[in-house]
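Engineer: There's a structure below that I have some questions on.
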Amino acid sequence: MATILIDKLLQAAVKQGASDIHIVVGQPPVFRLHGRMRRLETKTLDPDDAVGLMKSITPERCQRELQENGSTDFGFAFGELARFRVSVFKQRGNISMVLRQIPTDKLTPEQLGLPEQVVKLVMRPRGLFLVTGPTGSGKSTTLASLVNYINETCDHHIITIEDPIEFYHEHIKSTVNQREVGVDVPSFSEALRRALRQDPDVILVGELRDLETIEAAISAAETGHVVFGTLHTNSAQGTVNRVIDAFPGNLQDQIRTQLSTSLIGVVAQTLVPRIGGGRCAAYEVLIVSPGIANLIRENKTFRINSAIQTGGKFGMQLMDDALFKLWKQELVSVEDILAKAQNPDDLAKKVVNAKRMMAEEASEDEDEDDDDGLD
């Protein structure tokens with residue numbers, strides 16, 4: 001029963017384009033479609049259903065981990081159709097699961113709307129490049145796209161360290177080794193230290209989740225590698241502060257200096273519901289110019305936002321400006337951009353002014369038409 005059910009569920013999720021499937025006792029399975037939760041019109045799950053569904057896809061070692069720790073994560077392929085990242089956990093003594101769908105086709109940076117300067121940055125010979133944003137904002141998709149771009153254009157050795165592996169990369173022009181934490185290697189920091197002896201050109205670190213990993217990533221970037229990493233921060237300025245604050249006070253000056261020379265860029269992203277269905281990404285882009293490197297070194301990170309604002313010619317942009325552009329292109333609604341804005345009040349004023357300007361232009365055009373009619 002359970003295996004048939006899981007196949008049906010996965011098939012439906014792939015067909016409808018659901019980003020997540022939630023399996024929770026006491027309600028039917030729930031899909032997240034375009035950012036919103038939708039209950040399926042099927043039977044309410046009881047504890048046995050949940051256990052059956054879990055056992056039908058969870059590897060033995062993960063079932064043991066679930067018993068010992070109360071939760072486990074793994075990735076699995078659903079035939080050729082899709083891959084899923086699965087988190088199984090216990091709540092109120094029952095089994096719950098969330099399956100995140102990972103698309104099999106990797107989009108190009110252009111399809112994702114990534115600025116051209118970002119693509120140029122990742123072709124540099126060394127440096128730390130961070131992609132940040134809340135959970136489910138498409139960080140993995142962006143990184144997969146950039147790694148794939150390098151893979152298609154350069155003959156590099158690329159090592160990815162992930163928990164679990166999300167996108168599978170073929171060897172195209174580059175050689176790609178993908179290591180899964182908990183399966184191939186015990187931890188991110190350990191994998192990073194080992195990676196340096198494996199002749200890499202590019203290293204992708206799924207998550208900079210502790211001091212050791214951040215430290216290892218910075219030194220890898222300094223020693224002549226391109227290092228990609230992700231953090232759960234919402235802005236470029238916040239990302240720089242988060243990295244520095246991860247270190248104890250007595251080391252922070254040294255880290256500022258190291259970061260100012262090793263950081264090449266930060267992309268903070270968020271997904272906004274698109275009018276008519278689907279979602280589009282808004283990107284805040286920080287490119288570390290000599291001026292910004294100085295701000296980091298001299299502990300003046302509070303000035304980064306204004307430097308991004310004046311750095312348009314380098315390809316930089318603030319999140320709120322990116323959201324404003326999406327609204328002007330009529331791709332997203334005002335409510336949705338204000339919900340994702342860093343400074344909702346300022347952005348709301350900007351929208352009001354833009355609407356007023358548009359109204360004035362429209363009425364001027366009408367007046368001109370009326371004048372034509374008088375001749």
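Chains: A, B, ... in order of the structure tokens. Residues: from 1 per chain. Ligands: from 1, in order shown.
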Which of stretch 119-252 of chain A counts as strand (DSSP E or B) under DSSP, as a PyMOL selection string please?

Structural biologist: chain A and resi 127-132+157-162+175-181+185+202-205+226-231

Engineer: Compile the contact shell of A:Asp73 as a list in words: residues with an atom at most 9 Å away, counting only C-alpha atoms, same-chain residues fewer than 4 positions apart removed.

Structural biologist: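 Here the qualifying residues turn out to be Cys62, Leu66, Arg85, Val86, Ser87, Val88, Phe89, Asp163 and Pro164 of chain A.
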
Engineer: Could you save the residues just selected, with N, CA, C and O atoms, as a short mmCIF file (atom, residue, chain, number, x, y, z; two decimals), in the first residue's frame?

Structural biologist:
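Output file part-v1.cif is given in full below:
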data_model
loop_
_atom_site.label_atom_id
_atom_site.label_comp_id
_atom_site.auth_asym_id
_atom_site.auth_seq_id
_atom_site.Cartn_x
_atom_site.Cartn_y
_atom_site.Cartn_z
N CYS A 62 19.68 5.64 7.68
CA CYS A 62 18.91 6.81 8.10
C CYS A 62 17.80 6.41 9.06
O CYS A 62 17.46 7.16 9.97
N LEU A 66 17.27 7.97 12.69
CA LEU A 66 15.96 8.47 13.12
C LEU A 66 15.64 7.93 14.52
O LEU A 66 15.18 8.67 15.40
N ARG A 85 15.06 15.94 -1.70
CA ARG A 85 15.83 16.03 -0.45
C ARG A 85 14.80 15.78 0.64
O ARG A 85 13.78 16.47 0.70
N VAL A 86 15.06 14.80 1.48
CA VAL A 86 14.04 14.36 2.44
C VAL A 86 14.50 14.62 3.87
O VAL A 86 15.64 14.35 4.22
N SER A 87 13.60 15.17 4.68
CA SER A 87 13.87 15.31 6.11
C SER A 87 12.78 14.52 6.84
O SER A 87 11.59 14.78 6.65
N VAL A 88 13.19 13.53 7.63
CA VAL A 88 12.24 12.72 8.40
C VAL A 88 12.45 13.09 9.87
O VAL A 88 13.59 13.19 10.32
N PHE A 89 11.36 13.29 10.60
CA PHE A 89 11.52 13.65 12.02
C PHE A 89 10.33 13.14 12.81
O PHE A 89 9.31 12.73 12.24
N ASP A 163 25.04 18.34 2.10
CA ASP A 163 24.31 17.55 3.10
C ASP A 163 22.82 17.72 2.91
O ASP A 163 22.25 18.66 3.45
N PRO A 164 22.14 16.88 2.17
CA PRO A 164 22.65 15.82 1.28
C PRO A 164 22.97 16.41 -0.10
O PRO A 164 22.70 17.59 -0.34
#

Engineer: List every residue of stretch 150-265 of chain A that has an atom at most 12 Å from any atom of stretch 93-111 of chain A, giving for each one its closest atom pair and the distance in Å to one decimal, counting only C-alpha atoms, sorted by chain and then by ascending residue number, as CSV.

Structural biologist:
residue,atom,partner,partner_atom,distance
A:Ile150,CA,A:Thr108,CA,10.9
A:Asn151,CA,A:Lys106,CA,11.8
A:Glu152,CA,A:Thr108,CA,10.7
A:Pro164,CA,A:Ile102,CA,11.5
A:Ile165,CA,A:Ile102,CA,10.2
A:Glu166,CA,A:Ile102,CA,6.6
A:Phe167,CA,A:Thr104,CA,6.9
A:Tyr168,CA,A:Thr104,CA,7.9
A:His169,CA,A:Lys106,CA,9.3
A:Glu170,CA,A:Lys106,CA,11.3

Engineer: Just to confirm, what's the straight-line distance from atom CA of A:Lys55 to atom CA of A:Glu80 in Å (one decimal)?

Structural biologist: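 So the two atoms, atom CA of A:Lys55 and atom CA of A:Glu80, lie 21.2 Å apart.
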
Engineer: With only C-alpha atoms as the counted atoms, please give the residues lying no more than 7 Å from A:Glu284, apart from itself and same-chain residues fewer than 4 positions off, as a list in words.

Structural biologist: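 Non-adjacent residues within range: Ala236, Val267, Ala268, Gln269, Gln317, Leu318, Met319 and Ala322 of chain A.
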
Engineer: Could you save those same residues with all heavy atoms as a PDB file, in the first residue's frame?

Structural biologist:
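Written out: part_13.pdb:
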ATOM      1  N   ALA A 236      23.388  41.447   1.885  1.00  0.00           N
ATOM      2  CA  ALA A 236      24.830  41.333   1.685  1.00  0.00           C
ATOM      3  C   ALA A 236      25.577  41.905   2.890  1.00  0.00           C
ATOM      4  O   ALA A 236      26.520  41.316   3.405  1.00  0.00           O
ATOM      5  CB  ALA A 236      25.222  42.066   0.409  1.00  0.00           C
ATOM      6  N   VAL A 267      25.688  37.282  -3.145  1.00  0.00           N
ATOM      7  CA  VAL A 267      24.361  37.424  -3.755  1.00  0.00           C
ATOM      8  C   VAL A 267      23.349  37.009  -2.694  1.00  0.00           C
ATOM      9  O   VAL A 267      23.380  35.871  -2.216  1.00  0.00           O
ATOM     10  CB  VAL A 267      24.213  36.524  -5.007  1.00  0.00           C
ATOM     11  CG1 VAL A 267      22.751  36.453  -5.449  1.00  0.00           C
ATOM     12  CG2 VAL A 267      25.074  37.053  -6.146  1.00  0.00           C
ATOM     13  N   ALA A 268      22.477  37.951  -2.274  1.00  0.00           N
ATOM     14  CA  ALA A 268      21.402  37.601  -1.342  1.00  0.00           C
ATOM     15  C   ALA A 268      20.146  37.496  -2.191  1.00  0.00           C
ATOM     16  O   ALA A 268      19.898  38.357  -3.037  1.00  0.00           O
ATOM     17  CB  ALA A 268      21.241  38.689  -0.291  1.00  0.00           C
ATOM     18  N   GLN A 269      19.369  36.437  -2.019  1.00  0.00           N
ATOM     19  CA  GLN A 269      18.220  36.289  -2.906  1.00  0.00           C
ATOM     20  C   GLN A 269      16.945  35.925  -2.169  1.00  0.00           C
ATOM     21  O   GLN A 269      16.972  35.440  -1.044  1.00  0.00           O
ATOM     22  CB  GLN A 269      18.513  35.263  -3.991  1.00  0.00           C
ATOM     23  CG  GLN A 269      18.783  33.856  -3.515  1.00  0.00           C
ATOM     24  CD  GLN A 269      19.103  32.955  -4.703  1.00  0.00           C
ATOM     25  OE1 GLN A 269      20.163  33.040  -5.306  1.00  0.00           O
ATOM     26  NE2 GLN A 269      18.180  32.068  -5.036  1.00  0.00           N
ATOM     27  N   GLN A 317      23.427  45.816  -6.835  1.00  0.00           N
ATOM     28  CA  GLN A 317      22.086  46.367  -6.584  1.00  0.00           C
ATOM     29  C   GLN A 317      21.573  45.925  -5.225  1.00  0.00           C
ATOM     30  O   GLN A 317      21.915  44.843  -4.747  1.00  0.00           O
ATOM     31  CB  GLN A 317      21.104  45.999  -7.694  1.00  0.00           C
ATOM     32  CG  GLN A 317      20.717  44.549  -7.771  1.00  0.00           C
ATOM     33  CD  GLN A 317      19.626  44.279  -8.815  1.00  0.00           C
ATOM     34  OE1 GLN A 317      19.107  45.192  -9.441  1.00  0.00           O
ATOM     35  NE2 GLN A 317      19.290  43.021  -8.996  1.00  0.00           N
ATOM     36  N   LEU A 318      20.770  46.778  -4.604  1.00  0.00           N
ATOM     37  CA  LEU A 318      20.144  46.441  -3.328  1.00  0.00           C
ATOM     38  C   LEU A 318      18.881  45.624  -3.578  1.00  0.00           C
ATOM     39  O   LEU A 318      18.246  45.747  -4.625  1.00  0.00           O
ATOM     40  CB  LEU A 318      19.771  47.721  -2.569  1.00  0.00           C
ATOM     41  CG  LEU A 318      20.933  48.480  -1.925  1.00  0.00           C
ATOM     42  CD1 LEU A 318      20.460  49.828  -1.413  1.00  0.00           C
ATOM     43  CD2 LEU A 318      21.548  47.669  -0.787  1.00  0.00           C
ATOM     44  N   MET A 319      18.520  44.817  -2.590  1.00  0.00           N
ATOM     45  CA  MET A 319      17.334  43.962  -2.717  1.00  0.00           C
ATOM     46  C   MET A 319      16.085  44.768  -3.067  1.00  0.00           C
ATOM     47  O   MET A 319      15.312  44.402  -3.948  1.00  0.00           O
ATOM     48  CB  MET A 319      17.118  43.203  -1.398  1.00  0.00           C
ATOM     49  CG  MET A 319      15.883  42.322  -1.387  1.00  0.00           C
ATOM     50  SD  MET A 319      15.976  41.044  -2.654  1.00  0.00           S
ATOM     51  CE  MET A 319      17.043  39.852  -1.857  1.00  0.00           C
ATOM     52  N   ALA A 322      15.912  45.700  -6.611  1.00  0.00           N
ATOM     53  CA  ALA A 322      15.616  44.530  -7.448  1.00  0.00           C
ATOM     54  C   ALA A 322      14.109  44.225  -7.403  1.00  0.00           C
ATOM     55  O   ALA A 322      13.482  43.952  -8.433  1.00  0.00           O
ATOM     56  CB  ALA A 322      16.411  43.326  -6.958  1.00  0.00           C
TER      57      ALA A 322
END

Engineer: Give me the residues near A:Ser174 as a list in words, where near means some atom within 6 Å (using only C-alpha atoms) and where sequence neighbours in that chain fewer than 3 positions away do not count.

Structural biologist: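 My list of contacting residues is Asn151, Asp155, His156, His157 and His171 of chain A.
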
Engineer: Could you save those same residues with all heavy atoms as a PDB file, in the first residue's frame?

Structural biologist:
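Output contents, as saved in out-v8.pdb:
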ATOM      1  N   ASN A 151      31.426  24.191 -15.248  1.00  0.00           N
ATOM      2  CA  ASN A 151      31.614  22.834 -15.778  1.00  0.00           C
ATOM      3  C   ASN A 151      31.548  22.827 -17.314  1.00  0.00           C
ATOM      4  O   ASN A 151      32.280  22.096 -17.975  1.00  0.00           O
ATOM      5  CB  ASN A 151      30.526  21.939 -15.165  1.00  0.00           C
ATOM      6  CG  ASN A 151      30.731  20.461 -15.450  1.00  0.00           C
ATOM      7  OD1 ASN A 151      31.717  20.064 -16.080  1.00  0.00           O
ATOM      8  ND2 ASN A 151      29.808  19.645 -14.986  1.00  0.00           N
ATOM      9  N   ASP A 155      38.024  23.669 -17.965  1.00  0.00           N
ATOM     10  CA  ASP A 155      38.492  22.324 -17.601  1.00  0.00           C
ATOM     11  C   ASP A 155      39.059  22.389 -16.183  1.00  0.00           C
ATOM     12  O   ASP A 155      40.258  22.480 -15.975  1.00  0.00           O
ATOM     13  CB  ASP A 155      39.533  21.815 -18.613  1.00  0.00           C
ATOM     14  CG  ASP A 155      40.632  22.850 -18.861  1.00  0.00           C
ATOM     15  OD1 ASP A 155      40.451  24.009 -18.451  1.00  0.00           O
ATOM     16  OD2 ASP A 155      41.666  22.488 -19.447  1.00  0.00           O
ATOM     17  N   HIS A 156      38.158  22.380 -15.198  1.00  0.00           N
ATOM     18  CA  HIS A 156      38.527  22.510 -13.788  1.00  0.00           C
ATOM     19  C   HIS A 156      38.282  21.208 -13.036  1.00  0.00           C
ATOM     20  O   HIS A 156      37.615  20.306 -13.546  1.00  0.00           O
ATOM     21  CB  HIS A 156      37.672  23.604 -13.132  1.00  0.00           C
ATOM     22  CG  HIS A 156      38.171  24.997 -13.386  1.00  0.00           C
ATOM     23  ND1 HIS A 156      39.416  25.274 -13.885  1.00  0.00           N
ATOM     24  CD2 HIS A 156      37.564  26.206 -13.173  1.00  0.00           C
ATOM     25  CE1 HIS A 156      39.573  26.589 -13.976  1.00  0.00           C
ATOM     26  NE2 HIS A 156      38.457  27.178 -13.564  1.00  0.00           N
ATOM     27  N   HIS A 157      38.803  21.157 -11.811  1.00  0.00           N
ATOM     28  CA  HIS A 157      38.391  20.095 -10.886  1.00  0.00           C
ATOM     29  C   HIS A 157      37.467  20.749  -9.862  1.00  0.00           C
ATOM     30  O   HIS A 157      37.879  21.671  -9.143  1.00  0.00           O
ATOM     31  CB  HIS A 157      39.610  19.468 -10.185  1.00  0.00           C
ATOM     32  CG  HIS A 157      39.215  18.411  -9.195  1.00  0.00           C
ATOM     33  ND1 HIS A 157      39.993  18.072  -8.110  1.00  0.00           N
ATOM     34  CD2 HIS A 157      38.117  17.620  -9.125  1.00  0.00           C
ATOM     35  CE1 HIS A 157      39.381  17.116  -7.413  1.00  0.00           C
ATOM     36  NE2 HIS A 157      38.234  16.830  -8.014  1.00  0.00           N
ATOM     37  N   HIS A 171      30.341  14.948 -15.534  1.00  0.00           N
ATOM     38  CA  HIS A 171      31.631  15.529 -15.935  1.00  0.00           C
ATOM     39  C   HIS A 171      31.432  16.045 -17.358  1.00  0.00           C
ATOM     40  O   HIS A 171      31.179  15.271 -18.265  1.00  0.00           O
ATOM     41  CB  HIS A 171      32.739  14.475 -15.949  1.00  0.00           C
ATOM     42  CG  HIS A 171      32.794  13.664 -14.685  1.00  0.00           C
ATOM     43  ND1 HIS A 171      33.173  14.204 -13.480  1.00  0.00           N
ATOM     44  CD2 HIS A 171      32.505  12.360 -14.436  1.00  0.00           C
ATOM     45  CE1 HIS A 171      33.114  13.257 -12.541  1.00  0.00           C
ATOM     46  NE2 HIS A 171      32.708  12.139 -13.101  1.00  0.00           N
TER      47      HIS A 171
END

Engineer: Just the number, please: distance in Å from atom CA of A:Arg39 to atom CA of A:Gly277, one decimal.

Structural biologist: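 Rounded to one decimal, the two atoms are 17.9 Å apart.
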
Engineer: Counting only C-alpha atoms, which residues of stretch 70-188 of chain A fall within 6 Å of stretch 202-208 of chain A, and what is the closest atom pair for each with its distance in Å at one decimal, ordered by chain and rising number, as JSON lines?

Structural biologist:
{"residue": "A:Ile158", "atom": "CA", "partner": "A:Val202", "partner_atom": "CA", "distance": 4.7}
{"residue": "A:Ile159", "atom": "CA", "partner": "A:Ile203", "partner_atom": "CA", "distance": 4.8}
{"residue": "A:Thr160", "atom": "CA", "partner": "A:Leu204", "partner_atom": "CA", "distance": 4.5}
{"residue": "A:Ile161", "atom": "CA", "partner": "A:Val205", "partner_atom": "CA", "distance": 5.0}
{"residue": "A:Glu162", "atom": "CA", "partner": "A:Gly206", "partner_atom": "CA", "distance": 4.6}
